[in-house]
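Peer 1: Quick one: the structure is below, questions incoming.
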Amino acid sequence: MQDPKALFDIWFVQPLKSLEAIPNGAGAFIALATSCFLYERYADAAIREAGSQYTVEKQLMIDFNISEETAREFWTIMRNGILHKGMPKKKDRGKNLSGWRFEGEFTQAIKLDKTNGSFQELQVQPWLFMNKVIELWQDNIDLIDRNESFPWARIVD
């Protein structure tokens with residue numbers, strides 16, 4: 001099988017969607033982790049394609065309609081924390097980062113809530129994040145094989 005869209009579907013979309021069936025949202029954490037690395041691959045390809053000076057965080061701002069601060073907090077806390085150590089990051093260089101919360105009822109994939117005085121809370125709706133990442137790839141599947149260091153695999157018959 002060689003079709004990138006079909007491979008993306010069987011390797012990522014179907015397994016990610018199956019996580020939604022796990023009771024009490026327990027599959028959301030793995031869906032978020034997987035979606036973070038899929039988003040990073042997408043953002044890297046989109047940035048190279050545009051030939052711009054964007055960073056992954058700036059691409060995140062565009063794709064999720066969030067502020068630079070929110071994008072930076074998400075990338076530091078969620079992406080770096082979960083993909084490097086298996087949990088969201090609490091401190092960076094000795095400094096406390098924003099608190100965080102996952103909630104299936106949130107209406108935005110990523111939001112930095114500052115309504116509680118000096119306390120900031122990074123609010124993440126994992127399923128919305130996952131669905132947006134899947135949508136970005138499905139709409140731009142031609143970008144999936146643009147990484148020379150990590151080429152898209154094929155199934156050999």
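Naming scheme: A, B, ... for chains in displayed order of the structure tokens; residues 1 onward per chain; ligands 1 onward as shown.
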Please identify all polymer residues within 8 Å of region 93-106 of chain A, counting only C-alpha atoms, omitting same-chain residues fewer than 4 positions from it, and present them as a PyMOL selection string.
Peer 2: chain A and resi 25+73+77+89+119-127
Peer 1: Using 8 Å as the limit and counting only C-alpha atoms, can you tabulate each residue of region 6-101 of chain A that touches region 130-133 of chain A, with its shortest atom-to-atom distance in Å and the two atoms involved, as CSV?
Peer 2:
```
residue,atom,partner,partner_atom,distance
A:Leu16,CA,A:Met130,CA,7.9
A:Ala31,CA,A:Met130,CA,6.5
A:Leu32,CA,A:Met130,CA,6.3
A:Ser35,CA,A:Met130,CA,5.4
A:Leu38,CA,A:Val133,CA,7.1
A:Tyr39,CA,A:Val133,CA,5.9
```
Peer 1: Could you dump the residues just selected with C-alpha atoms as a PDB file, in the first residue's frame?
Peer 2:
```pdb
ATOM      1  CA  LEU A  16      -7.059   7.739  17.401  1.00  0.00           C
ATOM      2  CA  ALA A  31      -4.852  10.903  21.745  1.00  0.00           C
ATOM      3  CA  LEU A  32      -3.345  14.233  22.809  1.00  0.00           C
ATOM      4  CA  SER A  35      -1.709  14.423  18.110  1.00  0.00           C
ATOM      5  CA  LEU A  38       1.500  14.560  14.386  1.00  0.00           C
ATOM      6  CA  TYR A  39       0.995  18.316  14.677  1.00  0.00           C
TER       7      TYR A  39
END
```
Peer 1: Looking at A:Phe64, A:Asp113, A:Glu69, A:Ala45, which one is nearest to Ser149 (chain A), with distances taken over only C-alpha atoms?
Peer 2: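 For Ser149 (chain A), the nearest of the given residues is A:Ala45.
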Peer 1: Closest to Asn147 (chain A) among A:Ala43, A:Ile82, A:Ile62, A:Val56, using only C-alpha atoms?
Peer 2: A:Ala43
Peer 1: What separation in Å, quoted to one decimal, exists between CA of Ile110 (chain A) and CA of Phe129 (chain A)?
Peer 2: 7.4 Å
Peer 1: Which residues are near Thr70 (chain A)? Cut-off 10 Å, only C-alpha atoms, ignore same chain within fewer than 4 positions. Put them as a ChimeraX atom specification.
Peer 2: /A:57,60-61,65-66,74-76,110-113,122-123
Peer 1: Residues of the last selection are to be written out with C-alpha atoms, as a JSON list (two decimals), in the first residue's frame.
Peer 2:
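Final file, part-v7.json:
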```
[["chain", "number", "residue", "atom", "x", "y", "z"],
["A", 57, "GLU", "CA", 4.48, 28.00, 17.84],
["A", 60, "LEU", "CA", 0.06, 26.75, 16.15],
["A", 61, "MET", "CA", -1.22, 30.32, 16.61],
["A", 65, "ASN", "CA", -6.46, 30.87, 16.44],
["A", 66, "ILE", "CA", -4.64, 31.44, 19.73],
["A", 74, "PHE", "CA", 0.85, 24.80, 25.19],
["A", 75, "TRP", "CA", 4.08, 23.82, 23.46],
["A", 76, "THR", "CA", 6.15, 24.01, 26.63],
["A", 110, "ILE", "CA", -6.51, 25.23, 23.54],
["A", 111, "LYS", "CA", -7.19, 28.20, 25.80],
["A", 112, "LEU", "CA", -5.11, 30.07, 28.37],
["A", 113, "ASP", "CA", -7.59, 31.12, 31.07],
["A", 122, "LEU", "CA", -3.96, 26.12, 30.28],
["A", 123, "GLN", "CA", -7.21, 24.46, 29.28]]
```
Peer 1: Go through A:Leu7, A:Leu83, A:Ala21, A:Val156 one by one, measure the shortest atom-to-atom distance of each to Ala33 (chain A) using only C-alpha atoms, and give the residue with the smallest value.
Peer 2: A:Leu83
Peer 1: Find the residues near Asn140 (chain A): any atom within 10 Å, counting only C-alpha atoms, skip ones fewer than 6 places away on the same chain, and give them as an mmCIF file with C-alpha atoms, in the first residue's frame.
Peer 2:
```cif
data_model
loop_
_atom_site.group_PDB
_atom_site.id
_atom_site.type_symbol
_atom_site.label_atom_id
_atom_site.label_comp_id
_atom_site.auth_asym_id
_atom_site.auth_seq_id
_atom_site.Cartn_x
_atom_site.Cartn_y
_atom_site.Cartn_z
ATOM 1 C CA LYS A 5 -3.934 9.246 2.760
ATOM 2 C CA TYR A 42 2.499 18.930 10.037
ATOM 3 C CA ALA A 45 6.111 20.654 6.686
ATOM 4 C CA ALA A 46 3.735 23.623 6.425
ATOM 5 C CA ILE A 134 -6.468 15.094 11.723
#
```
Peer 1: Using the chain letters and numbers from this document, which residues of region 49-127 of chain A does DSSP assign to helix (DSSP H, G or I), as a PyMOL selection string?
Peer 2: chain A and resi 49-50+56-64+68-85+126-127
Peer 1: May I have the selected residues written with N, CA and C atoms, as a PDB file, in the first residue's frame?
Peer 2:
```
ATOM      1  N   GLU A  49       7.045  24.506   3.484  1.00  0.00           N
ATOM      2  CA  GLU A  49       6.304  24.712   2.239  1.00  0.00           C
ATOM      3  C   GLU A  49       6.078  26.203   1.984  1.00  0.00           C
ATOM      4  N   ALA A  50       5.778  26.945   3.028  1.00  0.00           N
ATOM      5  CA  ALA A  50       5.514  28.379   2.887  1.00  0.00           C
ATOM      6  C   ALA A  50       6.802  29.172   2.709  1.00  0.00           C
ATOM      7  N   VAL A  56       7.134  26.620  14.914  1.00  0.00           N
ATOM      8  CA  VAL A  56       6.002  25.735  15.188  1.00  0.00           C
ATOM      9  C   VAL A  56       4.968  26.474  16.034  1.00  0.00           C
ATOM     10  N   GLU A  57       5.425  27.265  16.998  1.00  0.00           N
ATOM     11  CA  GLU A  57       4.485  28.004  17.842  1.00  0.00           C
ATOM     12  C   GLU A  57       3.677  29.013  17.029  1.00  0.00           C
ATOM     13  N   LYS A  58       4.306  29.673  16.075  1.00  0.00           N
ATOM     14  CA  LYS A  58       3.552  30.622  15.234  1.00  0.00           C
ATOM     15  C   LYS A  58       2.556  29.890  14.349  1.00  0.00           C
ATOM     16  N   GLN A  59       2.931  28.730  13.860  1.00  0.00           N
ATOM     17  CA  GLN A  59       1.990  27.937  13.070  1.00  0.00           C
ATOM     18  C   GLN A  59       0.823  27.496  13.947  1.00  0.00           C
ATOM     19  N   LEU A  60       1.103  27.131  15.193  1.00  0.00           N
ATOM     20  CA  LEU A  60       0.061  26.751  16.148  1.00  0.00           C
ATOM     21  C   LEU A  60      -0.909  27.912  16.365  1.00  0.00           C
ATOM     22  N   MET A  61      -0.378  29.131  16.462  1.00  0.00           N
ATOM     23  CA  MET A  61      -1.223  30.322  16.609  1.00  0.00           C
ATOM     24  C   MET A  61      -2.203  30.429  15.446  1.00  0.00           C
ATOM     25  N   ILE A  62      -1.696  30.227  14.247  1.00  0.00           N
ATOM     26  CA  ILE A  62      -2.523  30.349  13.045  1.00  0.00           C
ATOM     27  C   ILE A  62      -3.572  29.238  12.991  1.00  0.00           C
ATOM     28  N   ASP A  63      -3.131  28.010  13.159  1.00  0.00           N
ATOM     29  CA  ASP A  63      -4.033  26.866  13.000  1.00  0.00           C
ATOM     30  C   ASP A  63      -5.104  26.783  14.080  1.00  0.00           C
ATOM     31  N   PHE A  64      -4.788  27.233  15.293  1.00  0.00           N
ATOM     32  CA  PHE A  64      -5.738  27.115  16.403  1.00  0.00           C
ATOM     33  C   PHE A  64      -6.301  28.461  16.853  1.00  0.00           C
ATOM     34  N   GLU A  68       0.161  34.228  20.949  1.00  0.00           N
ATOM     35  CA  GLU A  68       1.541  33.740  21.029  1.00  0.00           C
ATOM     36  C   GLU A  68       1.829  33.150  22.407  1.00  0.00           C
ATOM     37  N   GLU A  69       1.353  33.820  23.447  1.00  0.00           N
ATOM     38  CA  GLU A  69       1.567  33.322  24.811  1.00  0.00           C
ATOM     39  C   GLU A  69       0.898  31.963  25.012  1.00  0.00           C
ATOM     40  N   THR A  70      -0.312  31.822  24.520  1.00  0.00           N
ATOM     41  CA  THR A  70      -1.027  30.551  24.651  1.00  0.00           C
ATOM     42  C   THR A  70      -0.303  29.443  23.892  1.00  0.00           C
ATOM     43  N   ALA A  71       0.156  29.752  22.689  1.00  0.00           N
ATOM     44  CA  ALA A  71       0.895  28.761  21.891  1.00  0.00           C
ATOM     45  C   ALA A  71       2.175  28.339  22.602  1.00  0.00           C
ATOM     46  N   ARG A  72       2.891  29.296  23.154  1.00  0.00           N
ATOM     47  CA  ARG A  72       4.145  28.996  23.860  1.00  0.00           C
ATOM     48  C   ARG A  72       3.871  28.126  25.090  1.00  0.00           C
ATOM     49  N   GLU A  73       2.840  28.477  25.858  1.00  0.00           N
ATOM     50  CA  GLU A  73       2.493  27.690  27.046  1.00  0.00           C
ATOM     51  C   GLU A  73       2.092  26.265  26.654  1.00  0.00           C
ATOM     52  N   PHE A  74       1.261  26.138  25.624  1.00  0.00           N
ATOM     53  CA  PHE A  74       0.849  24.802  25.187  1.00  0.00           C
ATOM     54  C   PHE A  74       2.062  23.979  24.776  1.00  0.00           C
ATOM     55  N   TRP A  75       2.935  24.573  23.972  1.00  0.00           N
ATOM     56  CA  TRP A  75       4.078  23.819  23.458  1.00  0.00           C
ATOM     57  C   TRP A  75       5.015  23.409  24.591  1.00  0.00           C
ATOM     58  N   THR A  76       5.249  24.307  25.517  1.00  0.00           N
ATOM     59  CA  THR A  76       6.151  24.012  26.632  1.00  0.00           C
ATOM     60  C   THR A  76       5.540  22.997  27.590  1.00  0.00           C
ATOM     61  N   ILE A  77       4.300  23.223  27.983  1.00  0.00           N
ATOM     62  CA  ILE A  77       3.660  22.382  28.997  1.00  0.00           C
ATOM     63  C   ILE A  77       3.218  21.033  28.431  1.00  0.00           C
ATOM     64  N   MET A  78       2.470  21.085  27.350  1.00  0.00           N
ATOM     65  CA  MET A  78       1.885  19.855  26.814  1.00  0.00           C
ATOM     66  C   MET A  78       2.849  19.086  25.913  1.00  0.00           C
ATOM     67  N   ARG A  79       3.254  19.703  24.817  1.00  0.00           N
ATOM     68  CA  ARG A  79       4.092  18.979  23.867  1.00  0.00           C
ATOM     69  C   ARG A  79       5.406  18.553  24.501  1.00  0.00           C
ATOM     70  N   ASN A  80       6.143  19.504  25.060  1.00  0.00           N
ATOM     71  CA  ASN A  80       7.443  19.158  25.641  1.00  0.00           C
ATOM     72  C   ASN A  80       7.294  18.246  26.851  1.00  0.00           C
ATOM     73  N   GLY A  81       6.331  18.528  27.700  1.00  0.00           N
ATOM     74  CA  GLY A  81       6.133  17.700  28.882  1.00  0.00           C
ATOM     75  C   GLY A  81       5.719  16.281  28.542  1.00  0.00           C
ATOM     76  N   ILE A  82       4.639  16.153  27.788  1.00  0.00           N
ATOM     77  CA  ILE A  82       4.098  14.825  27.489  1.00  0.00           C
ATOM     78  C   ILE A  82       5.050  14.004  26.625  1.00  0.00           C
ATOM     79  N   LEU A  83       5.628  14.621  25.594  1.00  0.00           N
ATOM     80  CA  LEU A  83       6.461  13.826  24.688  1.00  0.00           C
ATOM     81  C   LEU A  83       7.860  13.563  25.224  1.00  0.00           C
ATOM     82  N   HIS A  84       8.317  14.349  26.192  1.00  0.00           N
ATOM     83  CA  HIS A  84       9.646  14.083  26.761  1.00  0.00           C
ATOM     84  C   HIS A  84       9.581  13.266  28.052  1.00  0.00           C
ATOM     85  N   LYS A  85       8.564  13.513  28.881  1.00  0.00           N
ATOM     86  CA  LYS A  85       8.527  12.850  30.189  1.00  0.00           C
ATOM     87  C   LYS A  85       7.196  12.176  30.515  1.00  0.00           C
ATOM     88  N   PRO A 126      -8.688  17.649  24.598  1.00  0.00           N
ATOM     89  CA  PRO A 126      -7.886  16.749  23.760  1.00  0.00           C
ATOM     90  C   PRO A 126      -8.562  16.291  22.471  1.00  0.00           C
ATOM     91  N   TRP A 127      -9.872  16.031  22.521  1.00  0.00           N
ATOM     92  CA  TRP A 127     -10.555  15.533  21.320  1.00  0.00           C
ATOM     93  C   TRP A 127     -10.641  16.610  20.246  1.00  0.00           C
TER      94      TRP A 127
END
```
Peer 1: So, with only C-alpha atoms as the atoms that count, which of A:Cys36, A:Leu128, A:Ser67, A:Asp142 lies closest to Lys17 (chain A)?
Peer 2: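 Selected residue with least distance to Lys17 (chain A): A:Leu128.
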Peer 1: Could you jot down the CA of Lys90 (chain A) to CA of Asn24 (chain A) separation for me, Å, one decimal place?
Peer 2: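 So the answer is 24.5 Å.
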Peer 1: Got a sec: who's within 10 Å of Gln138 (chain A), counting only C-alpha atoms, leaving out chain neighbours fewer than 6 positions off, as a ChimeraX atom specification?
Peer 2: /A:4-5,8-9,13,132,144
